[in-house]
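Raw contents of run-v5.pdb, PDB, C-alpha atoms:
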```pdb
ATOM      1  CA  MET N   1       0.000   0.000   0.000
ATOM      2  CA  PRO N   2       1.473   3.351  -0.965
ATOM      3  CA  ASP N   3       2.622   5.292   2.016
ATOM      4  CA  THR N   4       2.018   9.024   2.341
ATOM      5  CA  VAL N   5       4.503  11.401   3.852
ATOM      6  CA  SER N   6       3.794  14.794   5.364
ATOM      7  CA  THR N   7       3.887  16.508   1.966
ATOM      8  CA  GLY N   8       0.827  14.516   0.928
ATOM      9  CA  LEU N   9       2.721  13.124  -2.046
ATOM     10  CA  ARG N  10       2.157   9.463  -2.763
ATOM     11  CA  ARG N  11       5.219   7.313  -2.223
ATOM     12  CA  THR N  12       5.891   5.190  -5.284
ATOM     13  CA  SER N  13       8.110   2.156  -5.642
ATOM     14  CA  PRO N  14      10.695   2.363  -8.431
ATOM     15  CA  LEU N  15       9.347  -1.062  -9.454
ATOM     16  CA  ALA N  16       5.664  -0.059  -9.309
ATOM     17  CA  ARG N  17       5.166  -0.917 -12.967
ATOM     18  CA  TYR N  18       5.925  -4.565 -12.170
ATOM     19  CA  TRP N  19       3.435  -4.806  -9.304
ATOM     20  CA  GLN N  20       0.590  -6.037 -11.535
ATOM     21  CA  GLY N  21      -2.028  -5.159  -8.941
ATOM     22  CA  ALA N  22      -0.140  -6.797  -6.057
ATOM     23  CA  ASP N  23       1.550  -5.027  -3.150
ATOM     24  CA  ALA N  24       5.094  -5.612  -4.435
ATOM     25  CA  ALA N  25       6.913  -6.833  -7.544
ATOM     26  CA  ARG N  26       7.466 -10.608  -7.568
ATOM     27  CA  MET N  27       8.662 -13.207 -10.053
ATOM     28  CA  SER N  28       9.914 -16.756  -9.915
ATOM     29  CA  ALA N  29      11.289 -19.435 -12.206
ATOM     30  CA  GLY N  30      11.957 -22.990 -11.040
ATOM     31  CA  ALA N  31      14.120 -22.959  -7.918
ATOM     32  CA  VAL N  32      14.581 -19.217  -7.665
ATOM     33  CA  SER N  33      12.326 -16.318  -6.864
ATOM     34  CA  VAL N  34      12.819 -12.582  -6.701
ATOM     35  CA  GLU N  35      10.680 -10.363  -4.556
ATOM     36  CA  GLU N  36      10.757  -6.639  -4.020
ATOM     37  CA  LEU N  37      10.758  -5.533  -0.381
ATOM     38  CA  PRO N  38       9.017  -2.209  -0.981
ATOM     39  CA  PHE N  39       9.767   0.898   1.045
ATOM     40  CA  GLN N  40      12.474  -0.695   3.181
ATOM     41  CA  GLY N  41      14.267   1.850   5.310
ATOM     42  CA  VAL N  42      17.921   2.551   4.529
ATOM     43  CA  ILE N  43      20.031   4.915   6.632
ATOM     44  CA  ARG N  44      23.650   5.843   6.039
ATOM     45  CA  LEU N  45      25.686   6.605   9.142
ATOM     46  CA  GLN N  46      29.133   8.214   8.823
ATOM     47  CA  ARG N  47      31.718   9.791  11.006
ATOM     48  CA  ARG N  48      35.313  10.822  10.349
ATOM     49  CA  GLU N  49      36.556   8.780  13.273
ATOM     50  CA  ALA N  50      34.668   6.019  15.074
ATOM     51  CA  THR N  51      35.571   6.861  18.664
ATOM     52  CA  SER N  52      34.323   4.730  21.546
ATOM     53  CA  ALA N  53      31.813   7.455  22.525
ATOM     54  CA  PHE N  54      30.393   7.269  18.999
ATOM     55  CA  MET N  55      30.331   3.468  18.851
ATOM     56  CA  ASN N  56      28.714   3.201  22.299
ATOM     57  CA  SER N  57      25.993   5.692  21.376
ATOM     58  CA  VAL N  58      25.236   3.802  18.173
ATOM     59  CA  ALA N  59      25.114   0.493  20.081
ATOM     60  CA  ASP N  60      22.685   2.044  22.594
ATOM     61  CA  ILE N  61      20.232   2.895  19.841
ATOM     62  CA  LEU N  62      20.681  -0.218  17.679
ATOM     63  CA  GLY N  63      20.880  -2.670  20.570
ATOM     64  CA  ALA N  64      24.003  -4.179  19.012
ATOM     65  CA  GLU N  65      27.532  -3.079  18.212
ATOM     66  CA  ALA N  66      28.080  -1.662  14.735
ATOM     67  CA  PRO N  67      30.478  -4.082  12.997
ATOM     68  CA  VAL N  68      34.036  -2.844  12.546
ATOM     69  CA  ASP N  69      35.347  -5.698  10.397
ATOM     70  CA  PRO N  70      35.117  -4.926   6.671
ATOM     71  CA  ASN N  71      32.245  -6.571   4.794
ATOM     72  CA  THR N  72      30.401  -7.836   7.840
ATOM     73  CA  CYS N  73      26.925  -7.062   9.143
ATOM     74  CA  ALA N  74      25.078  -7.507  12.402
ATOM     75  CA  GLY N  75      21.458  -7.670  13.522
ATOM     76  CA  GLU N  76      18.350  -8.107  11.433
ATOM     77  CA  SER N  77      15.896  -5.301  11.954
ATOM     78  CA  PRO N  78      17.666  -3.013  11.755
ATOM     79  CA  ALA N  79      20.510  -4.801  10.015
ATOM     80  CA  CYS N  80      23.743  -2.856  10.362
ATOM     81  CA  LEU N  81      26.108  -3.275   7.410
ATOM     82  CA  TRP N  82      29.736  -2.183   7.269
ATOM     83  CA  ALA N  83      29.918  -0.018   4.125
ATOM     84  CA  ALA N  84      33.393   1.549   4.398
ATOM     85  CA  PRO N  85      35.743   2.522   7.224
ATOM     86  CA  ASN N  86      33.618   4.571   9.649
ATOM     87  CA  GLU N  87      30.523   4.184   7.501
ATOM     88  CA  TRP N  88      27.518   1.907   7.955
ATOM     89  CA  LEU N  89      24.203   1.215   6.241
ATOM     90  CA  LEU N  90      21.198   0.441   8.424
ATOM     91  CA  VAL N  91      18.359  -1.516   6.833
ATOM     92  CA  THR N  92      15.034  -1.264   8.641
ATOM     93  CA  ALA N  93      11.449  -2.363   8.152
ATOM     94  CA  PRO N  94       9.214   0.075   6.226
ATOM     95  CA  ASP N  95       8.208   3.124   8.269
ATOM     96  CA  LYS N  96      10.813   2.443  10.981
ATOM     97  CA  ASP N  97      13.553   4.429   9.245
ATOM     98  CA  ARG N  98      12.541   7.987  10.106
ATOM     99  CA  ALA N  99      12.193   7.309  13.834
ATOM    100  CA  LEU N 100      15.499   5.437  13.923
ATOM    101  CA  ALA N 101      17.334   8.225  12.091
ATOM    102  CA  ILE N 102      15.935  10.834  14.468
ATOM    103  CA  ALA N 103      16.784   8.712  17.521
ATOM    104  CA  LEU N 104      20.339   8.223  16.279
ATOM    105  CA  GLN N 105      20.821  11.891  15.516
ATOM    106  CA  GLN N 106      19.501  12.945  18.920
ATOM    107  CA  ARG N 107      21.559  10.391  20.837
ATOM    108  CA  LEU N 108      24.735  11.335  18.920
ATOM    109  CA  ASP N 109      24.104  15.068  19.361
ATOM    110  CA  GLU N 110      23.871  14.486  23.130
ATOM    111  CA  ALA N 111      26.928  12.254  23.308
ATOM    112  CA  LEU N 112      29.118  14.271  20.924
ATOM    113  CA  PRO N 113      28.001  17.909  21.186
ATOM    114  CA  GLY N 114      29.302  20.117  18.410
ATOM    115  CA  GLU N 115      30.850  17.248  16.466
ATOM    116  CA  THR N 116      29.907  16.242  12.960
ATOM    117  CA  VAL N 117      28.045  13.002  12.393
ATOM    118  CA  ALA N 118      26.170  12.227   9.188
ATOM    119  CA  VAL N 119      22.860  10.391   9.474
ATOM    120  CA  ALA N 120      21.279  10.292   6.025
ATOM    121  CA  LEU N 121      17.932   8.781   5.113
ATOM    122  CA  LEU N 122      18.406   6.902   1.825
ATOM    123  CA  SER N 123      15.191   4.861   1.863
ATOM    124  CA  ASP N 124      13.702   6.483  -1.225
ATOM    125  CA  ALA N 125      17.010   6.310  -3.089
ATOM    126  CA  ARG N 126      17.242   2.512  -2.997
ATOM    127  CA  ALA N 127      15.261  -0.484  -4.155
ATOM    128  CA  VAL N 128      15.598  -3.589  -1.986
ATOM    129  CA  LEU N 129      15.114  -7.061  -3.457
ATOM    130  CA  LYS N 130      15.075 -10.503  -1.891
ATOM    131  CA  ILE N 131      16.456 -13.291  -4.054
ATOM    132  CA  SER N 132      15.695 -16.727  -2.666
ATOM    133  CA  GLY N 133      15.604 -20.403  -3.517
ATOM    134  CA  ALA N 134      18.114 -23.140  -4.278
ATOM    135  CA  ALA N 135      19.284 -21.405  -7.463
ATOM    136  CA  ALA N 136      19.605 -17.922  -5.928
ATOM    137  CA  ARG N 137      23.377 -18.166  -5.772
ATOM    138  CA  ASP N 138      23.661 -19.390  -9.370
ATOM    139  CA  LEU N 139      21.441 -16.557 -10.535
ATOM    140  CA  LEU N 140      23.559 -13.877  -8.839
ATOM    141  CA  ALA N 141      26.784 -15.493 -10.021
ATOM    142  CA  LYS N 142      25.724 -14.830 -13.616
ATOM    143  CA  GLY N 143      26.397 -11.125 -13.112
ATOM    144  CA  CYS N 144      28.555 -10.853 -10.005
ATOM    145  CA  SER N 145      32.264 -11.608  -9.605
ATOM    146  CA  LEU N 146      32.096 -12.023  -5.825
ATOM    147  CA  ASP N 147      32.884 -15.466  -4.384
ATOM    148  CA  LEU N 148      29.346 -16.424  -3.298
ATOM    149  CA  ASP N 149      30.333 -19.824  -1.877
ATOM    150  CA  PRO N 150      28.640 -20.158   1.554
ATOM    151  CA  GLY N 151      32.085 -20.794   3.050
ATOM    152  CA  GLN N 152      33.088 -17.296   1.965
ATOM    153  CA  PHE N 153      29.825 -15.391   1.878
ATOM    154  CA  SER N 154      27.273 -16.477   4.474
ATOM    155  CA  TYR N 155      24.933 -14.719   6.892
ATOM    156  CA  GLY N 156      26.942 -12.096   8.757
ATOM    157  CA  LYS N 157      28.814 -10.965   5.632
ATOM    158  CA  CYS N 158      27.936  -8.167   3.247
ATOM    159  CA  ALA N 159      29.562  -6.548   0.240
ATOM    160  CA  ALA N 160      29.323  -3.585  -2.036
ATOM    161  CA  THR N 161      30.083  -4.881  -5.509
ATOM    162  CA  LEU N 162      28.882  -4.891  -9.108
ATOM    163  CA  LEU N 163      25.967  -6.913 -10.468
ATOM    164  CA  GLU N 164      25.869  -6.807 -14.258
ATOM    165  CA  GLN N 165      28.032  -3.657 -13.994
ATOM    166  CA  VAL N 166      25.563  -1.935 -11.663
ATOM    167  CA  PRO N 167      26.774  -0.943  -8.174
ATOM    168  CA  VAL N 168      24.849  -2.952  -5.582
ATOM    169  CA  THR N 169      25.024  -3.913  -1.925
ATOM    170  CA  LEU N 170      24.504  -7.607  -1.315
ATOM    171  CA  TYR N 171      24.159  -9.689   1.833
ATOM    172  CA  PRO N 172      22.928 -13.182   2.703
ATOM    173  CA  MET N 173      19.784 -13.153   4.856
ATOM    174  CA  ALA N 174      19.419 -15.129   8.083
ATOM    175  CA  ASN N 175      18.135 -18.700   8.243
ATOM    176  CA  GLU N 176      17.377 -19.228   4.593
ATOM    177  CA  SER N 177      19.138 -19.483   1.277
ATOM    178  CA  ALA N 178      18.208 -15.935   0.407
ATOM    179  CA  TYR N 179      20.103 -12.788  -0.430
ATOM    180  CA  CYS N 180      19.166  -9.188   0.081
ATOM    181  CA  LEU N 181      20.131  -6.947  -2.823
ATOM    182  CA  MET N 182      20.095  -3.153  -2.633
ATOM    183  CA  VAL N 183      20.367  -1.107  -5.776
ATOM    184  CA  ASP N 184      20.093   2.577  -6.576
ATOM    185  CA  ARG N 185      16.546   3.522  -7.441
ATOM    186  CA  SER N 186      17.287   4.519 -11.023
ATOM    187  CA  TYR N 187      18.913   1.137 -11.744
ATOM    188  CA  ALA N 188      16.092  -0.889 -10.186
ATOM    189  CA  ALA N 189      14.125  -1.512 -13.383
ATOM    190  CA  PHE N 190      17.285  -2.450 -15.290
ATOM    191  CA  ILE N 191      18.290  -4.954 -12.588
ATOM    192  CA  TRP N 192      14.740  -6.348 -12.453
ATOM    193  CA  ASP N 193      14.713  -6.894 -16.223
ATOM    194  CA  TRP N 194      18.183  -8.413 -16.114
ATOM    195  CA  LEU N 195      17.169 -10.807 -13.313
ATOM    196  CA  ALA N 196      13.979 -11.744 -15.187
ATOM    197  CA  HIS N 197      16.020 -12.669 -18.226
ATOM    198  CA  ALA N 198      18.855 -14.346 -16.311
ATOM    199  CA  MET N 199      16.517 -16.563 -14.247
ATOM    200  CA  ARG N 200      14.860 -18.162 -17.253
ATOM    201  CA  GLU N 201      17.371 -20.999 -17.412
ATOM    202  CA  PHE N 202      16.295 -22.144 -13.937
ATOM    203  CA  GLY N 203      12.783 -23.125 -14.960
ATOM    204  CA  GLU N 204       9.422 -22.099 -16.278
ATOM    205  CA  ALA N 205       8.273 -18.761 -14.985
ATOM    206  CA  ALA N 206       5.482 -19.270 -12.467
ATOM    207  CA  LYS N 207       4.320 -15.796 -13.291
ATOM    208  CA  SER N 208       5.293 -14.050 -16.458
ATOM    209  CA  PRO N 209       7.726 -11.260 -15.562
ATOM    210  CA  ASP N 210       6.353  -8.111 -17.046
ATOM    211  CA  GLY N 211       8.440  -5.823 -19.183
ATOM    212  CA  VAL N 212      10.588  -8.489 -20.815
ATOM    213  CA  SER N 213      10.209  -9.214 -24.475
ATOM    214  CA  SER N 214      10.275 -12.924 -25.180
TER
ATOM    215  CA  MET S   1      41.481  -9.641 -15.912
ATOM    216  CA  GLN S   2      43.093  -9.802 -12.512
ATOM    217  CA  GLN S   3      42.001  -9.520  -8.911
ATOM    218  CA  ILE S   4      43.238  -6.590  -6.860
ATOM    219  CA  ASP S   5      43.662  -6.926  -3.121
ATOM    220  CA  CYS S   6      41.765  -4.037  -1.522
ATOM    221  CA  PRO S   7      43.329  -3.327   1.896
ATOM    222  CA  TRP S   8      39.814  -3.424   3.391
ATOM    223  CA  CYS S   9      37.711  -5.779   1.249
ATOM    224  CA  GLY S  10      40.315  -8.298   0.077
ATOM    225  CA  LYS S  11      40.558  -9.642  -3.443
ATOM    226  CA  ARG S  12      38.016  -8.235  -5.882
ATOM    227  CA  ASN S  13      37.744  -8.081  -9.634
ATOM    228  CA  GLU S  14      39.751  -5.335 -11.295
ATOM    229  CA  THR S  15      36.489  -3.928 -12.748
ATOM    230  CA  GLU S  16      35.534  -2.678  -9.270
ATOM    231  CA  PHE S  17      38.606  -0.403  -9.141
ATOM    232  CA  SER S  18      39.786   2.818 -10.760
ATOM    233  CA  CYS S  19      43.346   3.998 -11.160
ATOM    234  CA  GLY S  20      44.221   7.470  -9.895
ATOM    235  CA  GLY S  21      47.672   7.628 -11.478
ATOM    236  CA  GLU S  22      51.163   7.808 -10.087
ATOM    237  CA  LEU S  23      51.498   8.526  -6.361
ATOM    238  CA  ILE S  24      52.574  12.166  -6.046
ATOM    239  CA  SER S  25      52.745  14.543  -3.129
ATOM    240  CA  ARG S  26      51.667  18.151  -3.060
ATOM    241  CA  PRO S  27      54.333  20.723  -2.119
ATOM    242  CA  GLN S  28      54.241  20.884   1.699
ATOM    243  CA  ASP S  29      54.773  24.645   1.821
ATOM    244  CA  ALA S  30      52.106  25.712  -0.671
ATOM    245  CA  LEU S  31      52.833  29.470  -0.507
ATOM    246  CA  GLY S  32      56.597  29.110  -0.408
ATOM    247  CA  ALA S  33      56.882  26.577  -3.240
ATOM    248  CA  ASP S  34      58.434  28.026  -6.402
ATOM    249  CA  ASP S  35      57.164  27.616  -9.963
ATOM    250  CA  LYS S  36      59.399  24.631 -10.590
ATOM    251  CA  ALA S  37      57.977  22.742  -7.607
ATOM    252  CA  TRP S  38      54.414  23.447  -8.739
ATOM    253  CA  THR S  39      55.205  22.552 -12.344
ATOM    254  CA  ASP S  40      56.764  19.275 -11.237
ATOM    255  CA  TYR S  41      53.745  18.508  -9.072
ATOM    256  CA  LEU S  42      51.172  19.401 -11.713
ATOM    257  CA  TYR S  43      52.723  18.188 -14.958
ATOM    258  CA  PHE S  44      55.668  15.851 -14.536
ATOM    259  CA  ARG S  45      55.571  12.125 -13.808
ATOM    260  CA  THR S  46      58.398   9.602 -13.684
ATOM    261  CA  ASN S  47      56.561   7.302 -16.137
ATOM    262  CA  THR S  48      58.418   4.295 -14.783
ATOM    263  CA  LYS S  49      58.929   1.217 -16.918
ATOM    264  CA  GLY S  50      58.364  -1.621 -14.450
ATOM    265  CA  VAL S  51      56.994  -1.581 -10.920
ATOM    266  CA  HIS S  52      55.965   1.781  -9.512
ATOM    267  CA  THR S  53      53.499   3.074  -6.928
ATOM    268  CA  GLU S  54      50.102   4.435  -7.903
ATOM    269  CA  VAL S  55      46.929   5.391  -6.104
ATOM    270  CA  TRP S  56      43.880   3.250  -6.794
ATOM    271  CA  ARG S  57      40.337   3.445  -5.552
ATOM    272  CA  HIS S  58      37.912   0.623  -4.785
ATOM    273  CA  THR S  59      35.211   2.640  -6.554
ATOM    274  CA  PHE S  60      32.447   0.018  -6.603
ATOM    275  CA  GLY S  61      33.210  -1.431  -3.172
ATOM    276  CA  CYS S  62      34.289   0.480  -0.077
ATOM    277  CA  ARG S  63      35.202   3.585  -2.175
ATOM    278  CA  GLN S  64      38.546   4.012  -0.403
ATOM    279  CA  TRP S  65      41.781   5.234  -1.965
ATOM    280  CA  PHE S  66      44.896   3.122  -1.400
ATOM    281  CA  LYS S  67      48.429   2.664  -2.725
ATOM    282  CA  ALA S  68      49.143  -0.025  -5.275
ATOM    283  CA  GLU S  69      52.417  -1.123  -6.772
ATOM    284  CA  ARG S  70      51.810  -1.964 -10.399
ATOM    285  CA  ASN S  71      54.110  -3.254 -13.092
ATOM    286  CA  THR S  72      53.601  -0.936 -16.051
ATOM    287  CA  LEU S  73      54.902  -3.580 -18.468
ATOM    288  CA  THR S  74      52.603  -6.414 -17.431
ATOM    289  CA  HIS S  75      49.808  -4.409 -15.753
ATOM    290  CA  GLN S  76      50.065  -6.791 -12.781
ATOM    291  CA  VAL S  77      49.277  -5.181  -9.424
ATOM    292  CA  VAL S  78      51.865  -6.734  -7.148
ATOM    293  CA  ASN S  79      51.200  -5.072  -3.803
ATOM    294  CA  THR S  80      48.602  -2.882  -2.108
ATOM    295  CA  ARG S  81      48.485  -0.997   1.163
ATOM    296  CA  LYS S  82      46.524   1.740   2.873
ATOM    297  CA  LEU S  83      47.526   5.355   2.224
ATOM    298  CA  SER S  84      48.460   5.653   5.900
ATOM    299  CA  GLU S  85      50.956   2.782   5.624
ATOM    300  CA  GLU S  86      54.271   4.295   4.566
ATOM    301  CA  THR S  87      56.394   1.182   4.559
ATOM    302  CA  GLY S  88      56.062  -2.492   5.214
ATOM    303  CA  GLU S  89      55.144  -5.659   3.464
ATOM    304  CA  GLY S  90      51.759  -4.425   2.363
ATOM    305  CA  HIS S  91      48.490  -6.184   2.771
ATOM    306  CA  GLY S  92      47.644  -9.839   2.561
ATOM    307  CA  ASP S  93      48.738 -12.535   0.201
ATOM    308  CA  HIS S  94      49.606 -11.411  -3.290
ATOM    309  CA  GLY S  95      50.228 -14.774  -4.943
TER
END
```
Rewrite the structure of this file - the entire thing - as structure tokens.
Amino acid sequence: MPDTVSTGLRRTSPLARYWQGADAARMSAGAVSVEELPFQGVIRLQRREATSAFMNSVADILGAEAPVDPNTCAGESPACLWAAPNEWLLVTAPDKDRALAIALQQRLDEALPGETVAVALLSDARAVLKISGAAARDLLAKGCSLDLDPGQFSYGKCAATLLEQVPVTLYPMANESAYCLMVDRSYAAFIWDWLAHAMREFGEAAKSPDGVSS
Amino acid sequence: MQQIDCPWCGKRNETEFSCGGELISRPQDALGADDKAWTDYLYFRTNTKGVHTEVWRHTFGCRQWFKAERNTLTHQVVNTRKLSEETGEGHGDHG
């Protein structure tokens, strides 16, 4: 259901044209399915130096330590992804992002008065997809050079990389053979079309993916 | 195609990286530097044949700049380290 913000403007998914009357874009073929997670919250958190006062304040709000090892993530809702040194991406459920961003900003302003911390709400700038099923890894491997072997890339890891030459953030989801894929809004339709085409070899489409010429 | 060892992310495909050219340093005393120092900084490079040090960026990963030693004859990147690391063995295994 489209969400409304205080401006009264209707919030629209970048994949709305694939919704086909449903509440999100979905497609599947054989042992793989792709589902849009519409309106997921995404927050970018940055600071020049991650001091202990900063890290403790962030942990207070998130309920878990922000990961300091490259390409790792912690927690689920919100998930906290290492994005770069002293930079994290927080992925929240829809409509939880604004409150979390405000809480973080307030807590950090109290703990670090006068210091610069960047808390940026990116929710409307990203599309978030869930790619699941036994063939999910094979599907991603068609356009991604990352080593996706579960021994190398399992729950708790994350990576910014390229998928079919498009910058994406990718991480395995908890307790299932599924991956979460974040892509810039303007690339969402391209990635959707690419996935629709790339997944054909895994079986008959259960539902004809719209927007792909056969 | 080769893999480049990002000091943060580890080995990634070369396509995720961009080259920022030879490692140079800006004149420390910007106001006191003479024309020759500025000209050297702006226009002149050693253009080494063989292994030299460049700056590279993991553009489509962690977006960090780092130093890379690259062989200009073979294009092989033989060593990488963070900008803050002046000396040492560099990062990781470069087999």
Problem set entry | chain S residues near chain N (8 Å cut-off, only C-alpha atoms) as a PyMOL selection string | chain S and resi 8-9+12-13+16+60-64
For this session: Could you pull out every residue with an atom within 10 Å of (19.2, -7.0, 7.0), file coordinates, counting all atoms listed in the file, and send them as a PyMOL selection string?
Result: chain N and resi 40+42+73-81+89-93+155-156+158+170-174+179-181
Take the selection from the previous step and output its residues with C-alpha atoms, as a PDB file, in the frame of the given file.
```
ATOM      1  CA  GLN N  40      12.474  -0.695   3.181  1.00  0.00           C
ATOM      2  CA  VAL N  42      17.921   2.551   4.529  1.00  0.00           C
ATOM      3  CA  CYS N  73      26.925  -7.062   9.143  1.00  0.00           C
ATOM      4  CA  ALA N  74      25.078  -7.507  12.402  1.00  0.00           C
ATOM      5  CA  GLY N  75      21.458  -7.670  13.522  1.00  0.00           C
ATOM      6  CA  GLU N  76      18.350  -8.107  11.433  1.00  0.00           C
ATOM      7  CA  SER N  77      15.896  -5.301  11.954  1.00  0.00           C
ATOM      8  CA  PRO N  78      17.666  -3.013  11.755  1.00  0.00           C
ATOM      9  CA  ALA N  79      20.510  -4.801  10.015  1.00  0.00           C
ATOM     10  CA  CYS N  80      23.743  -2.856  10.362  1.00  0.00           C
ATOM     11  CA  LEU N  81      26.108  -3.275   7.410  1.00  0.00           C
ATOM     12  CA  LEU N  89      24.203   1.215   6.241  1.00  0.00           C
ATOM     13  CA  LEU N  90      21.198   0.441   8.424  1.00  0.00           C
ATOM     14  CA  VAL N  91      18.359  -1.516   6.833  1.00  0.00           C
ATOM     15  CA  THR N  92      15.034  -1.264   8.641  1.00  0.00           C
ATOM     16  CA  ALA N  93      11.449  -2.363   8.152  1.00  0.00           C
ATOM     17  CA  TYR N 155      24.933 -14.719   6.892  1.00  0.00           C
ATOM     18  CA  GLY N 156      26.942 -12.096   8.757  1.00  0.00           C
ATOM     19  CA  CYS N 158      27.936  -8.167   3.247  1.00  0.00           C
ATOM     20  CA  LEU N 170      24.504  -7.607  -1.315  1.00  0.00           C
ATOM     21  CA  TYR N 171      24.159  -9.689   1.833  1.00  0.00           C
ATOM     22  CA  PRO N 172      22.928 -13.182   2.703  1.00  0.00           C
ATOM     23  CA  MET N 173      19.784 -13.153   4.856  1.00  0.00           C
ATOM     24  CA  ALA N 174      19.419 -15.129   8.083  1.00  0.00           C
ATOM     25  CA  TYR N 179      20.103 -12.788  -0.430  1.00  0.00           C
ATOM     26  CA  CYS N 180      19.166  -9.188   0.081  1.00  0.00           C
ATOM     27  CA  LEU N 181      20.131  -6.947  -2.823  1.00  0.00           C
TER      28      LEU N 181
END
```
For this session: Do a neighbour search on N:Leu163 at 9 Å with all atoms listed in the file, toss out local chain neighbours closer than 6 positions, and write the hits as number ranges by chain.
Result: N: 140-145, 191
Now that the selection is made, can you save its residues with C-alpha atoms as a short mmCIF file (atom, residue, chain, number, x, y, z; two decimals), keeping the file's coordinate frame?
```cif
data_model
loop_
_atom_site.label_atom_id
_atom_site.label_comp_id
_atom_site.auth_asym_id
_atom_site.auth_seq_id
_atom_site.Cartn_x
_atom_site.Cartn_y
_atom_site.Cartn_z
CA LEU N 140 23.56 -13.88 -8.84
CA ALA N 141 26.78 -15.49 -10.02
CA LYS N 142 25.72 -14.83 -13.62
CA GLY N 143 26.40 -11.12 -13.11
CA CYS N 144 28.56 -10.85 -10.01
CA SER N 145 32.26 -11.61 -9.60
CA ILE N 191 18.29 -4.95 -12.59
#
```
Exercise. Which protein, DNA or RNA residues are at most 9 Å from (4.1, -7.8, -0.6) in the file's coordinates when you count all atoms listed in the file, listed as a list of chain:residue names?
Worked result: N:Met1, N:Ala22, N:Asp23, N:Ala24, N:Ala25, N:Arg26, N:Glu35, N:Glu36, N:Leu37, N:Pro38
Would you kindly translate the PyMOL selection byres ((chain S and resi 76-82) around 12) into the concrete residues it picks from this file, as a PDB file with C-alpha atoms, keeping the file's coordinate frame?
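Contents of the output file result36.pdb:
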```pdb
ATOM      1  CA  PRO N  85      35.743   2.522   7.224  1.00  0.00           C
TER       2      PRO N  85
ATOM      3  CA  MET S   1      41.481  -9.641 -15.912  1.00  0.00           C
ATOM      4  CA  GLN S   2      43.093  -9.802 -12.512  1.00  0.00           C
ATOM      5  CA  GLN S   3      42.001  -9.520  -8.911  1.00  0.00           C
ATOM      6  CA  ILE S   4      43.238  -6.590  -6.860  1.00  0.00           C
ATOM      7  CA  ASP S   5      43.662  -6.926  -3.121  1.00  0.00           C
ATOM      8  CA  CYS S   6      41.765  -4.037  -1.522  1.00  0.00           C
ATOM      9  CA  PRO S   7      43.329  -3.327   1.896  1.00  0.00           C
ATOM     10  CA  TRP S   8      39.814  -3.424   3.391  1.00  0.00           C
ATOM     11  CA  CYS S   9      37.711  -5.779   1.249  1.00  0.00           C
ATOM     12  CA  GLY S  10      40.315  -8.298   0.077  1.00  0.00           C
ATOM     13  CA  LYS S  11      40.558  -9.642  -3.443  1.00  0.00           C
ATOM     14  CA  ASN S  13      37.744  -8.081  -9.634  1.00  0.00           C
ATOM     15  CA  GLU S  14      39.751  -5.335 -11.295  1.00  0.00           C
ATOM     16  CA  PHE S  17      38.606  -0.403  -9.141  1.00  0.00           C
ATOM     17  CA  CYS S  19      43.346   3.998 -11.160  1.00  0.00           C
ATOM     18  CA  GLY S  50      58.364  -1.621 -14.450  1.00  0.00           C
ATOM     19  CA  VAL S  51      56.994  -1.581 -10.920  1.00  0.00           C
ATOM     20  CA  HIS S  52      55.965   1.781  -9.512  1.00  0.00           C
ATOM     21  CA  THR S  53      53.499   3.074  -6.928  1.00  0.00           C
ATOM     22  CA  GLU S  54      50.102   4.435  -7.903  1.00  0.00           C
ATOM     23  CA  VAL S  55      46.929   5.391  -6.104  1.00  0.00           C
ATOM     24  CA  TRP S  56      43.880   3.250  -6.794  1.00  0.00           C
ATOM     25  CA  ARG S  57      40.337   3.445  -5.552  1.00  0.00           C
ATOM     26  CA  HIS S  58      37.912   0.623  -4.785  1.00  0.00           C
ATOM     27  CA  GLN S  64      38.546   4.012  -0.403  1.00  0.00           C
ATOM     28  CA  TRP S  65      41.781   5.234  -1.965  1.00  0.00           C
ATOM     29  CA  PHE S  66      44.896   3.122  -1.400  1.00  0.00           C
ATOM     30  CA  LYS S  67      48.429   2.664  -2.725  1.00  0.00           C
ATOM     31  CA  ALA S  68      49.143  -0.025  -5.275  1.00  0.00           C
ATOM     32  CA  GLU S  69      52.417  -1.123  -6.772  1.00  0.00           C
ATOM     33  CA  ARG S  70      51.810  -1.964 -10.399  1.00  0.00           C
ATOM     34  CA  ASN S  71      54.110  -3.254 -13.092  1.00  0.00           C
ATOM     35  CA  THR S  72      53.601  -0.936 -16.051  1.00  0.00           C
ATOM     36  CA  LEU S  73      54.902  -3.580 -18.468  1.00  0.00           C
ATOM     37  CA  THR S  74      52.603  -6.414 -17.431  1.00  0.00           C
ATOM     38  CA  HIS S  75      49.808  -4.409 -15.753  1.00  0.00           C
ATOM     39  CA  LEU S  83      47.526   5.355   2.224  1.00  0.00           C
ATOM     40  CA  SER S  84      48.460   5.653   5.900  1.00  0.00           C
ATOM     41  CA  GLU S  85      50.956   2.782   5.624  1.00  0.00           C
ATOM     42  CA  GLU S  86      54.271   4.295   4.566  1.00  0.00           C
ATOM     43  CA  THR S  87      56.394   1.182   4.559  1.00  0.00           C
ATOM     44  CA  GLY S  88      56.062  -2.492   5.214  1.00  0.00           C
ATOM     45  CA  GLU S  89      55.144  -5.659   3.464  1.00  0.00           C
ATOM     46  CA  GLY S  90      51.759  -4.425   2.363  1.00  0.00           C
ATOM     47  CA  HIS S  91      48.490  -6.184   2.771  1.00  0.00           C
ATOM     48  CA  GLY S  92      47.644  -9.839   2.561  1.00  0.00           C
ATOM     49  CA  ASP S  93      48.738 -12.535   0.201  1.00  0.00           C
ATOM     50  CA  HIS S  94      49.606 -11.411  -3.290  1.00  0.00           C
ATOM     51  CA  GLY S  95      50.228 -14.774  -4.943  1.00  0.00           C
TER      52      GLY S  95
END
```
